[in-house]
Structure formats: structure tokens, C-alpha cells
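Structure file upload02.pdb (PDB, C-alpha atoms, pLDDT in the B column) follows.
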ATOM      1  CA  MET A 226      43.684  -4.755 -40.719  1.00 66.00           C
ATOM      2  CA  ARG A 227      40.865  -2.660 -39.265  1.00 71.00           C
ATOM      3  CA  THR A 228      38.998  -5.823 -38.241  1.00 73.00           C
ATOM      4  CA  ARG A 229      42.029  -7.051 -36.288  1.00 75.00           C
ATOM      5  CA  ILE A 230      42.329  -3.759 -34.419  1.00 78.00           C
ATOM      6  CA  ILE A 231      38.634  -3.773 -33.517  1.00 74.00           C
ATOM      7  CA  ALA A 232      38.831  -7.422 -32.396  1.00 72.00           C
ATOM      8  CA  ALA A 233      41.875  -6.664 -30.235  1.00 74.00           C
ATOM      9  CA  ALA A 234      40.161  -3.641 -28.683  1.00 75.00           C
ATOM     10  CA  LEU A 235      37.041  -5.682 -27.890  1.00 74.00           C
ATOM     11  CA  ALA A 236      39.147  -8.457 -26.356  1.00 77.00           C
ATOM     12  CA  ALA A 237      41.002  -5.916 -24.206  1.00 74.00           C
ATOM     13  CA  ALA A 238      37.726  -4.319 -23.074  1.00 72.00           C
ATOM     14  CA  ALA A 239      36.262  -7.718 -22.199  1.00 69.00           C
ATOM     15  CA  THR A 240      39.376  -8.635 -20.232  1.00 71.00           C
ATOM     16  CA  LEU A 241      39.250  -5.358 -18.300  1.00 67.00           C
ATOM     17  CA  ALA A 242      35.563  -5.832 -17.576  1.00 64.00           C
ATOM     18  CA  LEU A 243      36.088  -9.341 -16.262  1.00 63.00           C
ATOM     19  CA  THR A 244      39.072  -8.244 -14.204  1.00 63.00           C
ATOM     20  CA  ALA A 245      37.059  -5.387 -12.713  1.00 60.00           C
ATOM     21  CA  CYS A 246      34.212  -7.742 -11.805  1.00 53.00           C
ATOM     22  CA  GLU A 247      36.561 -10.240 -10.167  1.00 52.00           C
ATOM     23  CA  GLY A 248      38.225  -7.493  -8.166  1.00 49.00           C
ATOM     24  CA  THR A 249      34.886  -6.214  -6.906  1.00 46.00           C
ATOM     25  CA  GLU A 250      33.751  -9.654  -5.777  1.00 47.00           C
ATOM     26  CA  ASP A 251      36.988 -10.437  -3.943  1.00 48.00           C
ATOM     27  CA  THR A 252      37.130  -7.126  -2.075  1.00 49.00           C
ATOM     28  CA  SER A 253      33.448  -6.927  -1.201  1.00 46.00           C
ATOM     29  CA  SER A 254      33.052  -5.576   2.317  1.00 48.00           C
ATOM     30  CA  SER A 255      29.572  -7.053   2.730  1.00 47.00           C
ATOM     31  CA  LYS A 256      30.745 -10.671   2.743  1.00 48.00           C
ATOM     32  CA  PRO A 257      32.923 -10.419   5.874  1.00 50.00           C
ATOM     33  CA  ASP A 258      30.268  -8.368   7.681  1.00 50.00           C
ATOM     34  CA  THR A 259      27.586 -10.941   6.892  1.00 46.00           C
ATOM     35  CA  ALA A 260      29.793 -13.770   8.105  1.00 46.00           C
ATOM     36  CA  THR A 261      30.661 -11.840  11.258  1.00 45.00           C
ATOM     37  CA  GLU A 262      27.021 -11.056  11.958  1.00 46.00           C
ATOM     38  CA  ALA A 263      26.009 -14.651  11.306  1.00 45.00           C
ATOM     39  CA  THR A 264      28.571 -15.974  13.772  1.00 46.00           C
ATOM     40  CA  ASN A 265      27.712 -13.372  16.399  1.00 48.00           C
ATOM     41  CA  THR A 266      23.969 -13.972  16.274  1.00 46.00           C
ATOM     42  CA  PRO A 267      24.033 -17.717  17.090  1.00 48.00           C
ATOM     43  CA  ALA A 268      26.514 -17.068  19.929  1.00 46.00           C
ATOM     44  CA  LYS A 269      24.059 -14.623  21.508  1.00 45.00           C
ATOM     45  CA  GLN A 270      21.195 -17.068  21.061  1.00 48.00           C
ATOM     46  CA  GLU A 271      23.164 -19.881  22.698  1.00 48.00           C
ATOM     47  CA  GLU A 272      23.866 -17.764  25.785  1.00 46.00           C
ATOM     48  CA  THR A 273      20.203 -16.999  26.531  1.00 47.00           C
ATOM     49  CA  PRO A 274      17.875 -18.995  24.278  1.00 47.00           C
ATOM     50  CA  ALA A 275      14.748 -18.652  26.420  1.00 49.00           C
ATOM     51  CA  GLU A 276      15.154 -14.923  26.980  1.00 46.00           C
ATOM     52  CA  THR A 277      15.928 -14.222  23.340  1.00 47.00           C
ATOM     53  CA  ALA A 278      12.918 -16.139  21.989  1.00 48.00           C
ATOM     54  CA  GLU A 279      10.266 -14.435  24.119  1.00 49.00           C
ATOM     55  CA  PRO A 280      11.174 -10.766  23.530  1.00 48.00           C
ATOM     56  CA  ASP A 281      11.741 -11.310  19.791  1.00 49.00           C
ATOM     57  CA  THR A 282       8.278 -12.847  19.400  1.00 46.00           C
ATOM     58  CA  ASP A 283       6.585 -10.027  21.258  1.00 49.00           C
ATOM     59  CA  THR A 284       8.577  -7.368  19.428  1.00 48.00           C
ATOM     60  CA  THR A 285       7.851  -8.918  16.045  1.00 45.00           C
ATOM     61  CA  GLU A 286       4.108  -8.975  16.647  1.00 46.00           C
ATOM     62  CA  SER A 287       4.013  -5.386  17.863  1.00 45.00           C
ATOM     63  CA  ASP A 288       6.242  -4.228  14.994  1.00 47.00           C
ATOM     64  CA  THR A 289       3.946  -5.917  12.473  1.00 46.00           C
ATOM     65  CA  ASP A 290       0.858  -4.263  13.941  1.00 49.00           C
ATOM     66  CA  ALA A 291       2.562  -0.872  14.112  1.00 50.00           C
ATOM     67  CA  GLY A 292       3.889  -1.228  10.555  1.00 51.00           C
ATOM     68  CA  ALA A 293       0.409  -1.957   9.203  1.00 52.00           C
ATOM     69  CA  ALA A 294      -1.010   1.079  10.962  1.00 52.00           C
ATOM     70  CA  ASP A 295       1.770   3.347   9.667  1.00 57.00           C
ATOM     71  CA  THR A 296       1.451   2.285   6.026  1.00 64.00           C
ATOM     72  CA  ALA A 297      -2.330   2.717   5.861  1.00 77.00           C
ATOM     73  CA  GLU A 298      -2.480   6.421   5.067  1.00 93.00           C
ATOM     74  CA  THR A 299      -5.938   7.767   4.459  1.00 95.00           C
ATOM     75  CA  GLY A 300      -7.177  10.527   2.231  1.00 96.00           C
ATOM     76  CA  THR A 301     -10.437  12.076   1.188  1.00 97.00           C
ATOM     77  CA  LEU A 302     -11.509  10.939  -2.263  1.00 97.00           C
ATOM     78  CA  PRO A 303     -13.564  13.733  -3.846  1.00 97.00           C
ATOM     79  CA  ASP A 304     -16.827  13.259  -5.728  1.00 98.00           C
ATOM     80  CA  LEU A 305     -15.620  12.954  -9.317  1.00 98.00           C
ATOM     81  CA  VAL A 306     -18.989  12.316 -11.011  1.00 97.00           C
ATOM     82  CA  GLY A 307     -19.800  14.861 -13.723  1.00 97.00           C
ATOM     83  CA  GLN A 308     -16.178  15.923 -14.312  1.00 97.00           C
ATOM     84  CA  ASP A 309     -14.289  15.217 -17.483  1.00 96.00           C
ATOM     85  CA  LEU A 310     -12.154  12.115 -17.076  1.00 97.00           C
ATOM     86  CA  GLN A 311      -8.807  13.933 -17.149  1.00 97.00           C
ATOM     87  CA  ALA A 312      -9.864  16.446 -14.492  1.00 97.00           C
ATOM     88  CA  ALA A 313     -11.237  13.604 -12.349  1.00 97.00           C
ATOM     89  CA  GLN A 314      -7.955  11.702 -12.582  1.00 97.00           C
ATOM     90  CA  ASP A 315      -6.012  14.848 -11.688  1.00 97.00           C
ATOM     91  CA  ALA A 316      -8.269  15.508  -8.681  1.00 98.00           C
ATOM     92  CA  ALA A 317      -7.917  11.920  -7.434  1.00 97.00           C
ATOM     93  CA  GLN A 318      -4.131  12.106  -7.704  1.00 97.00           C
ATOM     94  CA  ALA A 319      -4.070  15.473  -5.952  1.00 97.00           C
ATOM     95  CA  ALA A 320      -5.958  13.820  -3.082  1.00 97.00           C
ATOM     96  CA  GLY A 321      -3.282  11.084  -2.915  1.00 96.00           C
ATOM     97  CA  PHE A 322      -5.008   8.294  -4.859  1.00 97.00           C
ATOM     98  CA  TYR A 323      -2.744   6.925  -7.593  1.00 97.00           C
ATOM     99  CA  ALA A 324      -4.196   3.449  -8.251  1.00 97.00           C
ATOM    100  CA  LEU A 325      -6.667   4.577 -10.921  1.00 97.00           C
ATOM    101  CA  ASP A 326      -8.571   2.734 -13.628  1.00 97.00           C
ATOM    102  CA  ASP A 327     -11.120   4.005 -16.140  1.00 96.00           C
ATOM    103  CA  GLN A 328     -13.839   1.987 -17.803  1.00 97.00           C
ATOM    104  CA  ASP A 329     -16.412   2.586 -20.526  1.00 97.00           C
ATOM    105  CA  ALA A 330     -19.711   3.057 -18.637  1.00 97.00           C
ATOM    106  CA  SER A 331     -21.710   2.262 -21.804  1.00 96.00           C
ATOM    107  CA  GLY A 332     -20.602  -1.364 -21.637  1.00 94.00           C
ATOM    108  CA  GLN A 333     -19.033  -1.258 -25.115  1.00 96.00           C
ATOM    109  CA  GLY A 334     -15.521  -1.769 -23.738  1.00 95.00           C
ATOM    110  CA  ARG A 335     -14.051   1.256 -25.527  1.00 96.00           C
ATOM    111  CA  LEU A 336     -10.680   2.641 -24.478  1.00 94.00           C
ATOM    112  CA  GLN A 337     -10.488   6.208 -23.220  1.00 91.00           C
ATOM    113  CA  VAL A 338      -7.660   7.463 -25.421  1.00 91.00           C
ATOM    114  CA  MET A 339      -8.481  11.167 -25.128  1.00 93.00           C
ATOM    115  CA  ASP A 340      -9.488  11.510 -21.461  1.00 94.00           C
ATOM    116  CA  ARG A 341     -10.743  15.061 -21.929  1.00 95.00           C
ATOM    117  CA  ASN A 342     -13.471  13.806 -24.298  1.00 96.00           C
ATOM    118  CA  TRP A 343     -15.089  11.608 -21.632  1.00 97.00           C
ATOM    119  CA  THR A 344     -17.348  12.443 -18.668  1.00 97.00           C
ATOM    120  CA  VAL A 345     -17.332  10.448 -15.409  1.00 98.00           C
ATOM    121  CA  CYS A 346     -20.717   8.818 -14.696  1.00 97.00           C
ATOM    122  CA  SER A 347     -19.813   6.946 -11.515  1.00 98.00           C
ATOM    123  CA  GLN A 348     -16.881   5.964  -9.371  1.00 98.00           C
ATOM    124  CA  GLU A 349     -15.877   3.107  -7.079  1.00 97.00           C
ATOM    125  CA  PRO A 350     -15.428   3.622  -4.196  1.00 97.00           C
ATOM    126  CA  ALA A 351     -17.777   6.492  -3.483  1.00 97.00           C
ATOM    127  CA  ALA A 352     -16.456   9.860  -2.338  1.00 97.00           C
ATOM    128  CA  GLY A 353     -15.211   9.897   1.237  1.00 96.00           C
ATOM    129  CA  THR A 354     -12.283   8.882   3.415  1.00 96.00           C
ATOM    130  CA  HIS A 355     -10.371   5.818   2.214  1.00 97.00           C
ATOM    131  CA  PRO A 356      -6.817   4.429   2.417  1.00 96.00           C
ATOM    132  CA  THR A 357      -4.773   6.140  -0.300  1.00 96.00           C
ATOM    133  CA  ASP A 358      -3.735   2.786  -1.760  1.00 95.00           C
ATOM    134  CA  THR A 359      -7.395   2.026  -2.584  1.00 96.00           C
ATOM    135  CA  PHE A 360      -7.996   1.088  -6.230  1.00 97.00           C
ATOM    136  CA  VAL A 361     -10.280   3.760  -7.743  1.00 98.00           C
ATOM    137  CA  THR A 362     -12.316   2.963 -10.862  1.00 98.00           C
ATOM    138  CA  LEU A 363     -13.919   5.760 -12.873  1.00 98.00           C
ATOM    139  CA  TYR A 364     -16.772   4.807 -15.217  1.00 98.00           C
ATOM    140  CA  ALA A 365     -17.154   7.300 -18.076  1.00 98.00           C
ATOM    141  CA  VAL A 366     -18.938   7.894 -21.390  1.00 97.00           C
ATOM    142  CA  LYS A 367     -18.050  10.151 -24.308  1.00 97.00           C
ATOM    143  CA  ASP A 368     -19.058  13.769 -23.846  1.00 95.00           C
ATOM    144  CA  ALA A 369     -21.949  13.571 -26.352  1.00 94.00           C
ATOM    145  CA  GLU A 370     -23.473  10.533 -24.625  1.00 95.00           C
ATOM    146  CA  SER A 371     -25.591  10.328 -21.478  1.00 93.00           C
ATOM    147  CA  CYS A 372     -24.760   8.213 -18.464  1.00 92.00           C
TER
END
Any chance you could put this one into C-alpha cells?
Amino acid sequence: MRTRIIAAALAAAATLALTACEGTEDTSSSKPDTATEATNTPAKQEETPAETAEPDTDTTESDTDAGAADTAETGTLPDLVGQDLQAAQDAAQAAGFYALDDQDASGQGRLQVMDRNWTVCSQEPAAGTHPTDTFVTLYAVKDAESC
């Protein structure tokens, strides 16, 4: 008896879910707007094809150049050599650099599980002004080891 009640409840829930999905698709306001925009755009292009093509090309090129300049934010990457790995990562992030990687400077390929137990020996790129999306690699050894 309990199994029948659960099966009926699941069937009712599935039916409601499917009905809700169908209702959303049929009443979507984005479909008519897209169709309206699609029909309006070719009509405008047919009226003045030569005029429309030239300004769009020029605008697109200038927008692309401006967009590239806007997205290339720069920041000053500090000198992280000599710091413990965790502090170096924190300092890089505070300067706006979030694409960070750490490597074992000894060449043994060890993973830096406890970042506070490692000391940064070198970094790529060097300290200075760089785009903030620059990939920063910190090469470190365990605290008891030398670089």
C-alpha cells in the first residue's frame, strides 16, 4: 500500500514538473523578441546596405581595440623571493595576481601541501609591472633546504 502511494506521488510530481516546463517554453518572452529583432535587422540592412556595412566594420574594429585595452589591467608584482610560500601567494593576490602556480625548485617534483613550510627561491615573471592576468610561478624549497 505504501509503495502505491509513493509511486502515485512521484507520478504526480513528474507530471507537474513536465507541465511547468511546457508552460515556461510556450510563454517565453525571449522567443518573440528574437524573432522581432531578426526581422527588423534584415529590413534595416536592405534599406541601406552600403551605409550599414561601412560603419559596422569601423565600429567593430575600434570596439575590439578598445576592449583589449580595457581588459588588460596592470599591477605591480612584488618581489616574493625569500618569503614563505603562503605569504608570497597572499602578497601576489593582494597585488591582483590570481593565476598562481608553485613548483618544487629542487627538481624532485614534490607537492607543496603545507605552503607555510616552503620558502620561495625564485619567481616568474620577475617583480615589476605586469598585466594582472599574467601566470605567476613560484619556485620553492622546504624551509630546511637551500635554494
>> Can you translate the PyMOL selection byres ((chain A and resi 321) around 9) into the concrete residues it hits in this file, as a list of chain:residue names?
In response: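 The output of the PyMOL selection byres ((chain A and resi 321) around 9) on this file is A:Thr299, A:Gly300, A:Thr301, A:Leu302, A:Ala316, A:Ala317, A:Gln318, A:Ala319, A:Ala320, A:Phe322, A:Tyr323, A:Thr357, A:Asp358.
Between atom CA of Thr362 of chain A and atom CA of Glu349 of chain A there is a distance of 5.2 Å.
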> Expressed in Å to a single decimal, how great is the separation between atom CA of Met339 of chain A and atom CA of Thr354 of chain A?
Replying inline: 28.9 Å
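Rounded to one decimal, atom CA of Asp329 of chain A and atom CA of Thr344 of chain A lie 10.1 Å from each other.
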> Selected by the PyMOL selection byres ((chain A and resi 327) around 8) in the shown coordinates: which residues, as number ranges by chain?
Replying inline: A: 325-326, 328-329, 337, 362-365
>> Ranking A:Ala369, A:Ala232, A:Ala324, A:Leu305 by minimum distance to Gly353 of chain A and counting all atoms listed in the file, which one comes first?
In response: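 Ranking A:Ala369, A:Ala232, A:Ala324, A:Leu305 by distance to Gly353 of chain A, first place goes to A:Leu305.
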> Restricting the calculation to all atoms listed in the file, which member of A:Val361, A:Val338, A:Ala352, A:Ala236 is positioned closest to Gln311 of chain A?
Replying inline: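 Smallest separation from Gln311 of chain A among the options: A:Val338.
Evaluated against the shown file, the PyMOL selection byres ((chain A and resi 309) around 9) gives Leu305, Val306, Gly307, Gln308, Leu310, Gln311, Ala312, Ala313, Gln314, Asp340, Arg341, Asn342, Trp343, Thr344, Val345, Ala365 and Asp368 of chain A.
Closest approach to Pro350 of chain A among A:Arg227, A:Pro303, A:Ala233, A:Glu298 is made by A:Pro303 (distances from only C-alpha atoms).
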